[in-house]
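Data from start-v5.tsv: TSV, C-alpha atoms
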```tsv
chain	number	residue	atom	x	y	z
A	1	MET	CA	14.57	-8.17	-7.68
A	2	SER	CA	12.52	-7.26	-10.78
A	3	GLN	CA	12.96	-3.89	-12.44
A	4	ASP	CA	9.34	-3.00	-11.63
A	5	ARG	CA	9.85	-3.83	-7.95
A	6	ARG	CA	13.14	-1.89	-7.87
A	7	THR	CA	11.51	1.13	-9.49
A	8	PHE	CA	8.70	1.04	-6.94
A	9	LEU	CA	11.14	0.96	-4.04
A	10	GLU	CA	13.19	3.81	-5.47
A	11	THR	CA	10.22	6.08	-6.06
A	12	LEU	CA	7.86	5.30	-3.16
A	13	GLY	CA	9.35	8.00	-0.94
A	14	ALA	CA	8.90	10.64	-3.65
A	15	ALA	CA	5.27	9.98	-4.57
A	16	SER	CA	2.40	8.94	-2.37
A	17	ALA	CA	0.20	7.27	-4.99
A	18	LEU	CA	2.04	4.65	-7.01
A	19	ALA	CA	1.21	1.41	-8.77
A	20	LEU	CA	3.71	-1.45	-8.94
A	21	GLY	CA	4.30	-2.99	-12.34
A	22	PRO	CA	2.98	-2.20	-15.82
A	23	ARG	CA	-0.63	-1.06	-16.22
A	24	SER	CA	-2.93	-3.09	-18.41
A	25	ALA	CA	-3.88	-1.31	-21.61
A	26	ARG	CA	-7.42	0.08	-21.66
A	27	PRO	CA	-9.21	1.36	-24.79
A	28	THR	CA	-10.53	4.44	-22.99
A	29	GLY	CA	-7.21	5.22	-21.34
A	30	GLY	CA	-8.99	6.37	-18.19
A	31	GLU	CA	-10.21	3.21	-16.52
A	32	GLU	CA	-8.47	1.78	-13.50
A	33	THR	CA	-6.82	-1.61	-13.38
A	34	VAL	CA	-5.12	-3.62	-10.67
A	35	THR	CA	-1.36	-3.64	-11.17
A	36	GLY	CA	1.55	-5.36	-9.50
A	37	MET	CA	-0.18	-8.72	-9.03
A	38	THR	CA	2.23	-11.59	-9.55
A	39	ARG	CA	-0.24	-14.36	-8.60
A	40	ARG	CA	-3.72	-15.47	-9.56
A	41	THR	CA	-4.61	-15.76	-5.90
A	42	TYR	CA	-3.00	-14.83	-2.58
A	43	ASP	CA	-3.04	-16.21	0.90
A	44	VAL	CA	-4.23	-12.81	2.15
A	45	ALA	CA	-5.30	-9.56	0.51
A	46	VAL	CA	-5.15	-6.41	2.66
A	47	ILE	CA	-7.24	-3.46	1.54
A	48	GLY	CA	-5.84	-0.14	2.72
A	49	ALA	CA	-2.16	0.86	2.80
A	50	GLY	CA	-2.33	3.22	5.76
A	51	CYS	CA	-0.62	2.52	9.06
A	52	PHE	CA	-2.88	-0.37	10.14
A	53	GLY	CA	-3.02	-1.99	6.70
A	54	ALA	CA	0.67	-1.59	5.87
A	55	TRP	CA	1.76	-3.13	9.17
A	56	THR	CA	-0.80	-5.95	8.92
A	57	ALA	CA	0.47	-6.82	5.44
A	58	TRP	CA	4.08	-6.56	6.66
A	59	HIS	CA	3.51	-8.97	9.55
A	60	LEU	CA	1.63	-11.43	7.33
A	61	ARG	CA	4.48	-11.38	4.82
A	62	GLN	CA	7.05	-11.83	7.60
A	63	ALA	CA	5.13	-14.95	8.60
A	64	GLY	CA	5.80	-16.36	5.13
A	65	HIS	CA	2.44	-15.82	3.44
A	66	SER	CA	1.73	-14.48	-0.02
A	67	VAL	CA	0.15	-11.06	0.51
A	68	LEU	CA	-1.38	-8.44	-1.76
A	69	LEU	CA	-1.71	-4.91	-0.37
A	70	LEU	CA	-4.16	-2.59	-2.13
A	71	ASP	CA	-4.89	1.11	-1.81
A	72	GLN	CA	-7.08	3.31	-3.97
A	73	TYR	CA	-4.98	6.48	-3.64
A	74	GLY	CA	-1.55	5.25	-2.55
A	75	PRO	CA	0.30	4.60	0.75
A	76	ALA	CA	-0.22	7.43	3.27
A	77	ASN	CA	-1.86	9.58	0.59
A	78	ALA	CA	-3.14	13.09	1.28
A	79	ARG	CA	-6.69	11.84	1.97
A	80	ALA	CA	-5.64	9.11	4.40
A	81	SER	CA	-5.70	9.32	8.17
A	82	SER	CA	-2.08	8.11	7.98
A	83	GLY	CA	-1.05	11.03	5.77
A	84	GLY	CA	0.54	14.19	7.06
A	85	GLU	CA	4.00	14.81	8.38
A	86	SER	CA	3.98	13.83	12.04
A	87	ARG	CA	2.21	11.90	14.79
A	88	ILE	CA	2.89	11.73	18.51
A	89	ILE	CA	3.66	8.37	20.08
A	90	ARG	CA	3.18	8.20	23.87
A	91	MET	CA	2.26	5.65	26.49
A	92	SER	CA	-0.12	7.59	28.78
A	93	TYR	CA	-3.66	6.27	28.42
A	94	GLY	CA	-5.09	6.65	31.88
A	95	PRO	CA	-6.47	3.31	33.07
A	96	ASP	CA	-6.66	1.89	29.50
A	97	GLU	CA	-3.75	-0.48	29.96
A	98	VAL	CA	-4.36	-2.27	26.66
A	99	TYR	CA	-3.43	0.90	24.77
A	100	THR	CA	-0.38	1.56	26.93
A	101	ARG	CA	0.78	-1.96	26.16
A	102	PHE	CA	0.01	-1.57	22.43
A	103	SER	CA	1.86	1.74	22.27
A	104	HIS	CA	4.86	0.43	24.19
A	105	ARG	CA	5.07	-2.60	21.92
A	106	SER	CA	4.65	-0.39	18.86
A	107	LEU	CA	7.46	1.95	19.86
A	108	ALA	CA	9.82	-1.01	20.12
A	109	LEU	CA	8.70	-2.28	16.70
A	110	TRP	CA	8.96	1.18	15.12
A	111	LYS	CA	12.49	1.64	16.47
A	112	SER	CA	13.55	-1.85	15.38
A	113	PHE	CA	12.16	-1.29	11.91
A	114	PHE	CA	13.78	2.12	11.50
A	115	GLY	CA	17.09	0.65	12.64
A	116	ARG	CA	16.97	-2.19	10.09
A	117	ALA	CA	15.85	0.19	7.36
A	118	SER	CA	18.58	2.72	8.25
A	119	ARG	CA	15.92	5.40	8.68
A	120	PRO	CA	16.67	7.11	12.01
A	121	ASP	CA	15.09	10.26	10.58
A	122	LEU	CA	11.61	8.77	10.97
A	123	PHE	CA	11.47	8.97	14.76
A	124	HIS	CA	12.35	11.97	16.91
A	125	GLU	CA	12.76	11.14	20.59
A	126	THR	CA	11.51	14.53	21.74
A	127	GLY	CA	9.84	13.16	24.85
A	128	VAL	CA	6.15	13.81	25.45
A	129	LEU	CA	4.68	16.11	28.07
A	130	TRP	CA	1.06	15.29	29.01
A	131	MET	CA	-0.14	18.40	30.79
A	132	ALA	CA	-2.97	18.31	33.33
A	133	ARG	CA	-4.26	20.31	36.25
A	134	GLY	CA	-5.60	19.52	39.69
A	135	GLU	CA	-6.73	15.98	40.37
A	136	ALA	CA	-7.48	14.99	36.77
A	137	ALA	CA	-8.39	11.31	36.97
A	138	SER	CA	-6.98	10.07	33.66
A	139	PRO	CA	-3.48	11.58	34.04
A	140	LEU	CA	-3.31	10.30	37.62
A	141	ALA	CA	-4.34	6.85	36.41
A	142	SER	CA	-1.61	7.06	33.75
A	143	LEU	CA	1.01	7.42	36.46
A	144	ALA	CA	-0.21	4.21	38.08
A	145	THR	CA	-0.36	2.31	34.77
A	146	LEU	CA	3.10	3.44	33.66
A	147	ALA	CA	4.55	2.47	37.05
A	148	ARG	CA	2.85	-0.93	36.98
A	149	LEU	CA	4.24	-1.69	33.51
A	150	GLY	CA	7.73	-0.39	34.29
A	151	ILE	CA	7.65	2.37	31.66
A	152	GLU	CA	10.02	5.27	32.29
A	153	HIS	CA	8.11	8.39	33.33
A	154	GLU	CA	8.01	11.26	35.81
A	155	LYS	CA	5.37	13.37	37.48
A	156	VAL	CA	6.47	16.97	36.98
A	157	SER	CA	5.17	19.69	39.28
A	158	GLY	CA	4.05	23.11	38.10
A	159	ASP	CA	7.14	24.77	39.56
A	160	GLU	CA	9.41	22.29	37.82
A	161	LEU	CA	7.56	22.81	34.52
A	162	ARG	CA	8.18	26.55	34.80
A	163	ARG	CA	11.86	25.94	35.44
A	164	ARG	CA	12.35	23.48	32.57
A	165	TYR	CA	10.12	25.21	30.03
A	166	PRO	CA	10.03	28.98	30.56
A	167	GLN	CA	8.43	29.37	27.13
A	168	LEU	CA	5.38	27.47	28.48
A	169	ASN	CA	2.70	29.23	30.52
A	170	VAL	CA	1.79	26.80	33.30
A	171	VAL	CA	-1.82	27.22	34.39
A	172	PRO	CA	-2.77	27.35	38.09
A	173	GLY	CA	-2.71	23.85	39.53
A	174	GLY	CA	-0.87	22.61	36.46
A	175	TRP	CA	1.45	19.59	36.36
A	176	ALA	CA	2.44	16.98	33.80
A	177	VAL	CA	3.28	13.37	33.07
A	178	TRP	CA	6.70	13.28	31.40
A	179	GLU	CA	7.66	10.40	29.09
A	180	PRO	CA	11.32	10.88	28.09
A	181	ARG	CA	11.49	7.95	25.63
A	182	SER	CA	8.38	8.86	23.65
A	183	GLY	CA	8.31	11.32	20.77
A	184	VAL	CA	7.20	11.95	17.21
A	185	LEU	CA	6.86	9.63	14.22
A	186	MET	CA	7.21	11.10	10.72
A	187	ALA	CA	3.93	9.62	9.61
A	188	ARG	CA	3.72	9.76	5.82
A	189	ARG	CA	7.32	8.71	5.25
A	190	ALA	CA	7.13	6.01	7.94
A	191	VAL	CA	4.14	4.29	6.32
A	192	GLN	CA	5.74	4.49	2.89
A	193	ALA	CA	8.92	2.95	4.32
A	194	VAL	CA	6.88	0.04	5.73
A	195	VAL	CA	5.20	-0.54	2.36
A	196	ALA	CA	8.54	-0.36	0.56
A	197	ASP	CA	10.02	-2.92	2.95
A	198	PHE	CA	6.96	-5.14	2.49
A	199	VAL	CA	7.46	-5.06	-1.27
A	200	GLU	CA	11.21	-5.65	-0.99
A	201	GLY	CA	10.41	-8.68	1.17
A	202	GLY	CA	8.29	-10.24	-1.56
A	203	GLY	CA	4.86	-8.74	-0.95
A	204	ASP	CA	2.81	-7.29	-3.79
A	205	TYR	CA	1.36	-3.79	-3.78
A	206	ALA	CA	-1.23	-2.50	-6.23
A	207	GLN	CA	-3.33	0.60	-6.58
A	208	ALA	CA	-7.02	-0.07	-7.04
A	209	SER	CA	-10.42	0.80	-5.63
A	210	VAL	CA	-12.36	-2.27	-4.53
A	211	LEU	CA	-16.13	-2.60	-4.49
A	212	PRO	CA	-17.98	-3.70	-1.34
A	213	PRO	CA	-18.02	-7.49	-1.00
A	214	SER	CA	-21.31	-9.24	-1.70
A	215	GLY	CA	-22.83	-12.46	-0.47
A	216	ARG	CA	-22.18	-14.33	2.75
A	217	GLY	CA	-20.17	-17.28	4.00
A	218	THR	CA	-16.69	-17.47	2.46
A	219	LEU	CA	-15.52	-14.59	0.28
A	220	ALA	CA	-13.75	-15.85	-2.84
A	221	GLY	CA	-12.78	-12.56	-4.37
A	222	LEU	CA	-13.29	-8.82	-4.72
A	223	ALA	CA	-14.20	-6.79	-7.77
A	224	THR	CA	-12.54	-3.46	-8.45
A	225	ALA	CA	-14.02	-0.27	-9.85
A	226	GLY	CA	-11.99	-0.88	-13.01
A	227	GLY	CA	-13.52	-4.27	-13.69
A	228	ASP	CA	-10.70	-6.45	-12.41
A	229	SER	CA	-10.84	-9.02	-9.62
A	230	VAL	CA	-8.74	-9.92	-6.59
A	231	SER	CA	-8.67	-13.49	-5.31
A	232	ALA	CA	-7.38	-14.54	-1.88
A	233	GLY	CA	-7.94	-17.11	0.82
A	234	ARG	CA	-8.45	-14.41	3.45
A	235	PHE	CA	-9.12	-10.67	3.36
A	236	VAL	CA	-8.40	-7.79	5.74
A	237	PHE	CA	-10.15	-4.45	5.34
A	238	ALA	CA	-8.01	-1.76	6.95
A	239	CYS	CA	-9.23	1.28	5.03
A	240	GLY	CA	-9.77	3.75	7.86
A	241	PRO	CA	-12.42	6.40	7.13
A	242	TRP	CA	-13.57	4.42	4.09
A	243	LEU	CA	-14.63	1.39	6.13
A	244	GLY	CA	-18.23	2.56	6.29
A	245	LYS	CA	-18.26	2.71	2.47
A	246	VAL	CA	-16.28	-0.41	1.64
A	247	VAL	CA	-17.75	-2.77	4.24
A	248	PRO	CA	-21.10	-1.07	4.95
A	249	GLU	CA	-22.78	-4.22	6.27
A	250	ALA	CA	-20.33	-4.27	9.18
A	251	LEU	CA	-19.30	-0.64	9.69
A	252	ALA	CA	-21.95	1.71	8.33
A	253	GLY	CA	-23.14	3.75	11.31
A	254	ARG	CA	-20.24	2.55	13.42
A	255	ILE	CA	-17.42	4.63	11.88
A	256	PHE	CA	-17.75	8.43	11.97
A	257	PRO	CA	-15.15	10.33	9.91
A	258	THR	CA	-14.72	13.86	11.26
A	259	ARG	CA	-12.95	16.90	9.84
A	260	GLN	CA	-9.80	17.79	11.81
A	261	GLN	CA	-7.59	20.84	11.26
A	262	VAL	CA	-3.90	21.23	11.99
A	263	PHE	CA	-1.72	24.33	11.89
A	264	PHE	CA	2.02	24.94	11.77
A	265	LEU	CA	3.19	28.30	13.12
A	266	GLY	CA	6.45	29.93	12.12
A	267	VAL	CA	8.82	30.41	15.04
A	268	PRO	CA	10.70	33.72	15.48
A	269	ALA	CA	13.99	34.01	13.59
A	270	GLY	CA	16.89	32.59	15.55
A	271	ASP	CA	14.62	31.44	18.39
A	272	THR	CA	15.35	27.85	19.45
A	273	ARG	CA	12.91	27.74	22.39
A	274	PHE	CA	10.26	25.98	20.34
A	275	ALA	CA	12.47	23.28	18.80
A	276	PRO	CA	13.96	20.14	20.35
A	277	PRO	CA	15.57	19.71	22.80
A	278	SER	CA	14.19	22.91	24.33
A	279	LEU	CA	10.57	21.81	23.84
A	280	PRO	CA	9.09	18.29	23.61
A	281	ALA	CA	5.89	17.11	22.00
A	282	TRP	CA	2.99	18.06	24.24
A	283	ILE	CA	-0.66	17.36	25.01
A	284	ASP	CA	-2.98	19.59	27.00
A	285	PHE	CA	-5.39	17.09	28.52
A	286	ASP	CA	-7.74	19.66	30.05
A	287	GLN	CA	-8.22	21.84	26.97
A	288	GLU	CA	-7.93	19.02	24.40
A	289	PHE	CA	-5.09	20.44	22.32
A	290	TYR	CA	-1.87	18.79	21.23
A	291	GLY	CA	1.22	19.77	19.33
A	292	MET	CA	4.85	19.28	18.50
A	293	PRO	CA	7.97	21.38	18.51
A	294	ASP	CA	9.53	22.80	15.38
A	295	LEU	CA	10.70	19.55	13.75
A	296	GLU	CA	12.73	19.58	10.55
A	297	SER	CA	12.11	23.34	10.36
A	298	ARG	CA	8.42	22.82	9.46
A	299	GLY	CA	7.11	25.02	12.26
A	300	PHE	CA	5.41	24.62	15.63
A	301	LYS	CA	2.45	22.26	15.23
A	302	ALA	CA	-0.81	22.81	17.13
A	303	ALA	CA	-4.29	21.33	16.75
A	304	ALA	CA	-7.54	20.88	18.63
A	305	ASP	CA	-8.21	17.24	19.52
A	306	GLY	CA	-11.99	17.55	19.82
A	307	HIS	CA	-14.07	15.87	17.14
A	308	GLY	CA	-14.92	18.11	14.20
A	309	PRO	CA	-17.95	17.92	11.90
A	310	ALA	CA	-18.76	14.91	9.72
A	311	PHE	CA	-16.44	14.60	6.73
A	312	ASP	CA	-16.23	12.63	3.49
A	313	PRO	CA	-12.61	11.53	2.87
A	314	ASP	CA	-13.17	11.32	-0.89
A	315	THR	CA	-14.90	14.61	-1.63
A	316	GLY	CA	-14.32	16.84	1.39
A	317	GLU	CA	-12.47	20.10	0.76
A	318	ARG	CA	-9.21	20.25	2.70
A	319	VAL	CA	-8.92	23.97	3.31
A	320	ALA	CA	-8.57	25.12	6.91
A	321	THR	CA	-11.15	27.55	8.27
A	322	ALA	CA	-10.70	30.93	9.93
A	323	ASP	CA	-12.67	29.74	12.97
A	324	ALA	CA	-10.33	26.81	13.54
A	325	LEU	CA	-7.30	29.08	13.22
A	326	ALA	CA	-8.77	31.53	15.70
A	327	GLU	CA	-9.31	28.68	18.18
A	328	VAL	CA	-5.70	27.54	17.84
A	329	ARG	CA	-4.37	31.09	18.09
A	330	ALA	CA	-6.29	31.69	21.31
A	331	PHE	CA	-4.89	28.53	22.86
A	332	VAL	CA	-1.32	29.20	21.72
A	333	ALA	CA	-1.46	32.80	22.99
A	334	GLU	CA	-2.38	31.46	26.43
A	335	ARG	CA	-0.02	28.49	26.62
A	336	PHE	CA	2.92	29.63	24.47
A	337	PRO	CA	2.84	33.44	24.62
A	338	GLY	CA	6.07	33.77	22.64
A	339	LEU	CA	4.13	32.51	19.59
A	340	LYS	CA	1.14	34.82	20.06
A	341	ASP	CA	1.68	36.60	16.74
A	342	ALA	CA	3.42	33.77	14.87
A	343	PRO	CA	2.41	33.44	11.21
A	344	VAL	CA	0.83	30.27	9.82
A	345	VAL	CA	3.37	28.56	7.58
A	346	GLU	CA	1.26	25.50	6.80
A	347	SER	CA	-2.18	24.06	7.50
A	348	ARG	CA	-3.78	20.69	6.89
A	349	VAL	CA	-7.24	19.15	6.99
A	350	CYS	CA	-7.28	15.44	7.76
A	351	GLN	CA	-9.83	13.24	9.49
A	352	TYR	CA	-10.34	10.99	12.44
A	353	GLU	CA	-12.38	7.84	11.94
A	354	ASN	CA	-14.11	7.63	15.28
A	355	THR	CA	-15.94	4.61	16.59
A	356	SER	CA	-18.87	5.01	18.93
A	357	ASN	CA	-16.72	4.25	21.99
A	358	GLY	CA	-13.29	5.41	20.84
A	359	ASP	CA	-11.88	1.88	20.75
A	360	PHE	CA	-10.38	0.21	17.69
A	361	VAL	CA	-12.29	-2.31	15.59
A	362	ILE	CA	-10.30	-5.51	15.10
A	363	ASP	CA	-12.81	-8.24	14.44
A	364	ARG	CA	-14.13	-10.75	11.96
A	365	HIS	CA	-16.68	-9.52	9.43
A	366	PRO	CA	-20.14	-10.70	10.58
A	367	GLY	CA	-21.05	-11.95	7.12
A	368	PHE	CA	-17.86	-13.74	6.07
A	369	ASP	CA	-15.77	-16.34	7.86
A	370	ASN	CA	-12.54	-15.37	6.06
A	371	VAL	CA	-12.76	-11.57	6.27
A	372	TRP	CA	-11.34	-9.37	9.04
A	373	ILE	CA	-11.63	-5.66	9.75
A	374	ALA	CA	-8.99	-3.44	11.37
A	375	GLY	CA	-9.70	0.24	11.87
A	376	GLY	CA	-11.39	2.88	13.94
A	377	GLY	CA	-8.22	4.73	14.91
A	378	SER	CA	-10.37	7.44	16.52
A	379	GLY	CA	-7.60	10.02	16.46
A	380	HIS	CA	-5.12	7.95	18.45
A	381	GLY	CA	-4.46	5.00	16.16
A	382	PHE	CA	-1.31	5.86	14.21
A	383	LYS	CA	1.16	5.22	17.02
A	384	HIS	CA	-0.28	1.70	17.46
A	385	GLY	CA	0.17	0.57	13.86
A	386	PRO	CA	2.91	-2.03	14.40
A	387	ALA	CA	1.12	-3.68	17.33
A	388	VAL	CA	-2.29	-3.52	15.63
A	389	GLY	CA	-0.77	-5.13	12.54
A	390	GLU	CA	0.82	-7.85	14.65
A	391	TYR	CA	-2.41	-8.46	16.58
A	392	THR	CA	-4.57	-8.49	13.43
A	393	ALA	CA	-2.20	-10.85	11.60
A	394	GLU	CA	-2.39	-13.30	14.51
A	395	ARG	CA	-6.18	-13.21	14.50
A	396	VAL	CA	-6.26	-13.79	10.73
A	397	LEU	CA	-3.78	-16.65	10.76
A	398	LYS	CA	-4.86	-18.42	13.93
A	399	GLY	CA	-8.55	-17.55	14.03
A	400	ASP	CA	-8.27	-16.41	17.64
A	401	PRO	CA	-11.14	-14.31	19.01
A	402	THR	CA	-10.54	-10.62	19.43
A	403	ASP	CA	-10.41	-8.69	22.69
A	404	ALA	CA	-13.96	-7.75	23.68
A	405	ARG	CA	-13.30	-4.01	23.48
A	406	PHE	CA	-12.19	-4.32	19.84
A	407	SER	CA	-15.28	-6.26	18.79
A	408	LEU	CA	-18.00	-4.97	16.49
A	409	ALA	CA	-20.52	-5.84	19.18
A	410	THR	CA	-19.27	-2.94	21.33
A	411	LYS	CA	-19.78	-0.37	18.56
A	412	ASP	CA	-23.18	1.20	18.08
A	413	THR	CA	-24.50	4.18	16.12
A	414	ALA	CA	-24.20	6.78	18.87
A	415	GLN	CA	-20.85	8.37	19.63
A	416	LYS	CA	-20.12	7.99	23.33
A	417	ARG	CA	-16.61	8.79	24.41
A	418	THR	CA	-13.05	9.49	23.35
A	419	VAL	CA	-10.12	7.36	24.40
A	420	HIS	CA	-7.37	9.63	25.71
```
For this file, write the structure as structure tokens.
Amino acid sequence: MSQDRRTFLETLGAASALALGPRSARPTGGEETVTGMTRRTYDVAVIGAGCFGAWTAWHLRQAGHSVLLLDQYGPANARASSGGESRIIRMSYGPDEVYTRFSHRSLALWKSFFGRASRPDLFHETGVLWMARGEAASPLASLATLARLGIEHEKVSGDELRRRYPQLNVVPGGWAVWEPRSGVLMARRAVQAVVADFVEGGGDYAQASVLPPSGRGTLAGLATAGGDSVSAGRFVFACGPWLGKVVPEALAGRIFPTRQQVFFLGVPAGDTRFAPPSLPAWIDFDQEFYGMPDLESRGFKAAADGHGPAFDPDTGERVATADALAEVRAFVAERFPGLKDAPVVESRVCQYENTSNGDFVIDRHPGFDNVWIAGGGSGHGFKHGPAVGEYTAERVLKGDPTDARFSLATKDTAQKRTVH
């Protein structure tokens, strides 16, 4: 292993924006250059080192191909949808069996990867409680889907919820889908671990901002903002909320980045009711909130799942608003009364990159025969990263058509629905 590669692997977990290898000298000292490229051309170049891009590059490298992974700010950086500390992974998706299958496959791949990498700290099997009330159609459909696929689960009555979780205020008619083997992924560190493993396995990573591809037919290469070029036989754009900017011909008007706000509340001193195993990760289907217990002593996480206002991932200010905090406090006071007056110990502003129908985009670029797009996580994508990467790599290598619901043809310029 080269010294540059070893240094990258040693420092990736400590810094989210890194370049592999020596930088080219520039007279101005401020211009960007591609670094870490060991070849003139690659079998595949993947643009975007978030969850989708990192796993796509990883699978391509595992298949024996030369792969370059690029990111303009660094793996799981603070602007990325894959940044942040934690993400829920669960299997309940109502009647949307494709996502239940993707999530189930992804959990197995996540666990296998963490085991090989000796990183058990990157997944917390807290279980996930999907709370509903009455005859909510999607949660009821989840029960049928989980049963059909043989995924461990339980329908928990309101009375049983009160018995198991006295710190939770169960609403009238309330019940829940319980997934004991699901839990929480430590997002930022997990993505960086995947990139580090990709590099250790012979892949190349570089930090650079690419310009939108031009022309049609077969794409030979990409130019970067610093004046360099990237050459590959095939390309995958997996740059999340930047897709509308980087591949505007295909995604402009079909990807809608929205501003999302997350809060961590400090739990009372000595109170273990809001930490595992006393409390799992949870989702309130009816009110569209989700959250996690006090993991790694970071605080109780709560956030509204509804789509926020339009947001620019490059220039948007990431300071939480008083209105968003008031909304979260009102919900927490109702559902978790023991945290009614809990102080905010941390807040984050991230983004969803919503498609018009809430489904992922995994499809060939309409203007190039050797370019693929993978994105549109729409607020539920992180958990699916390993399976999306596997699926995308297969499409790229074999040329197989994509599932109809992931195609560009199903995405228009009017937001329609959210996949739960």
Point to revise | Shell around Gly338 of chain A at 10 Å using only C-alpha atoms, local window under 3 positions removed, as number ranges by chain | key: A: 167-169, 267-268, 271, 273-274, 332-335, 341-342
Check your understanding: Suppose you want the space between atom CA of Gly48 of chain A and atom CA of Pro241 of chain A; what is it in Å?
Key ->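 About the pair atom CA of Gly48 of chain A and atom CA of Pro241 of chain A: they are 10.3 Å apart.
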Check your understanding: Pick from A:Arg61, A:Arg39, A:Arg181, A:Arg318: nearest to Ala393 of chain A, with only C-alpha atoms counted?
Key ->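 Smallest separation from Ala393 of chain A among the options: A:Arg61.
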Check your understanding: What is the distance between atom CA of Leu243 of chain A and atom CA of Val184 of chain A, in Å to one decimal?
Key ->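 Spanning atom CA of Leu243 of chain A to atom CA of Val184 of chain A is a straight-line distance of 26.7 Å.
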Practice item. Just give me the gap between atom CA of Val98 of chain A and atom CA of Cys51 of chain A in Å, one decimal is fine. Key: 18.6 Å
Exercise for review: Using all atoms listed in the file, pick whichever of A:Ser138, A:Thr100, A:Thr321, A:Ser118 has the shortest atom-to-atom distance to Ala193 of chain A.
Suggested key: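 Of all the options, A:Ser118 lies closest to Ala193 of chain A.
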**Study point:** Within-9 Å shell of (-4.9, -8.7, 17.6) in input frame, all atoms listed in the file, as number ranges by chain
**Key:** A: 362-363, 387-396, 400-403, 406
Axis-aligned box for all listed atoms of segment 133-146 of chain A, 3 Å per side, centre and edges in Å to one decimal, as AutoDock Vina command-line options:
```
--center_x -2.6 --center_y 11.3 --center_z 37.0 --size_x 17.5 --size_y 24.0 --size_z 12.7
```
Pull the closest atom pair for each residue of segment 49-80 of chain A that gets at most 8 Å from segment 369-386 of chain A, along with the distance in Å to one decimal, counting all atoms listed in the file, ordering rows by chain and then ascending residue number, as a Markdown table.
```
| residue | atom | partner | partner_atom | distance |
| --- | --- | --- | --- | --- |
| A:Cys51 | CA | A:Gly385 | CA | 5.2 |
| A:Phe52 | CA | A:Gly385 | CA | 4.9 |
| A:Gly53 | CA | A:Ala374 | CA | 7.7 |
| A:Trp55 | CA | A:Pro386 | CA | 5.5 |
| A:Thr56 | CA | A:Pro386 | CA | 7.7 |
```
Practice item. Find the residues near Glu346 of chain A: any atom within 12 Å, counting all atoms listed in the file, skip ones fewer than 6 places away on the same chain, and give them as a list in words. Key: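 My reading of the contact set: Gly84, Glu85, Gln261, Val262, Phe263, Phe264, Leu265, Gly266, Ser297, Arg298, Gly299, Phe300, Lys301, Ala302, Val319, Ala320 and Leu325 of chain A.
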Review point. If I put a ball of radius 7 Å at (-14.7, 18.4, 11.1) in the file's coordinates, which residues poke into it when counting all atoms listed in the file, written as a list in words?
Key: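 I get Thr258, Arg259, Gln260, His307, Gly308, Pro309, Ala310 and Phe311 of chain A for the residues within 7 Å of that point.
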Review point. Skipping near chain neighbours, those fewer than 5 positions away, what residues fall within 10 Å of Leu122 of chain A using all atoms listed in the file, listed as a list in words?
Key: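 Near neighbours after the sequence-gap exclusion: Ser86, Trp110, Lys111, Phe114, Gly115, Val184, Leu185, Met186, Ala187, Arg188, Arg189, Ala190, Val191 and Ala193 of chain A.
Counting only C-alpha atoms and comparing A:Asp204, A:Asp71, A:Asp121, A:Glu317, the residue that lies closest to Val44 of chain A is A:Asp204.
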Produce segment 37-44 of chain A of the given structure as output with N, CA, C and O atoms, as a short mmCIF file (atom, residue, chain, number, x, y, z; two decimals), in the first residue's frame.
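Okay, result_1.cif is ready:
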```
data_model
loop_
_atom_site.label_atom_id
_atom_site.label_comp_id
_atom_site.auth_asym_id
_atom_site.auth_seq_id
_atom_site.Cartn_x
_atom_site.Cartn_y
_atom_site.Cartn_z
N MET A 37 -5.41 10.27 -8.70
CA MET A 37 -5.65 9.48 -9.91
C MET A 37 -4.38 8.72 -10.27
O MET A 37 -3.33 9.31 -10.48
N THR A 38 -4.47 7.41 -10.32
CA THR A 38 -3.31 6.59 -10.64
C THR A 38 -3.33 6.10 -12.08
O THR A 38 -2.42 5.41 -12.50
N ARG A 39 -4.38 6.44 -12.84
CA ARG A 39 -4.53 6.00 -14.22
C ARG A 39 -4.88 7.17 -15.12
O ARG A 39 -5.46 8.15 -14.66
N ARG A 40 -4.61 7.00 -16.40
CA ARG A 40 -5.05 7.99 -17.37
C ARG A 40 -6.55 7.88 -17.62
O ARG A 40 -7.23 8.86 -17.87
N THR A 41 -7.04 6.66 -17.58
CA THR A 41 -8.47 6.43 -17.77
C THR A 41 -8.91 5.26 -16.90
O THR A 41 -8.10 4.40 -16.54
N TYR A 42 -10.20 5.24 -16.56
CA TYR A 42 -10.76 4.22 -15.67
C TYR A 42 -11.87 3.48 -16.39
O TYR A 42 -12.49 3.99 -17.33
N ASP A 43 -12.16 2.31 -15.87
CA ASP A 43 -13.33 1.60 -16.38
C ASP A 43 -14.60 2.39 -16.07
O ASP A 43 -15.47 2.55 -16.93
N VAL A 44 -14.68 2.88 -14.81
CA VAL A 44 -15.86 3.65 -14.39
C VAL A 44 -15.42 4.79 -13.48
O VAL A 44 -14.56 4.61 -12.61
#
```
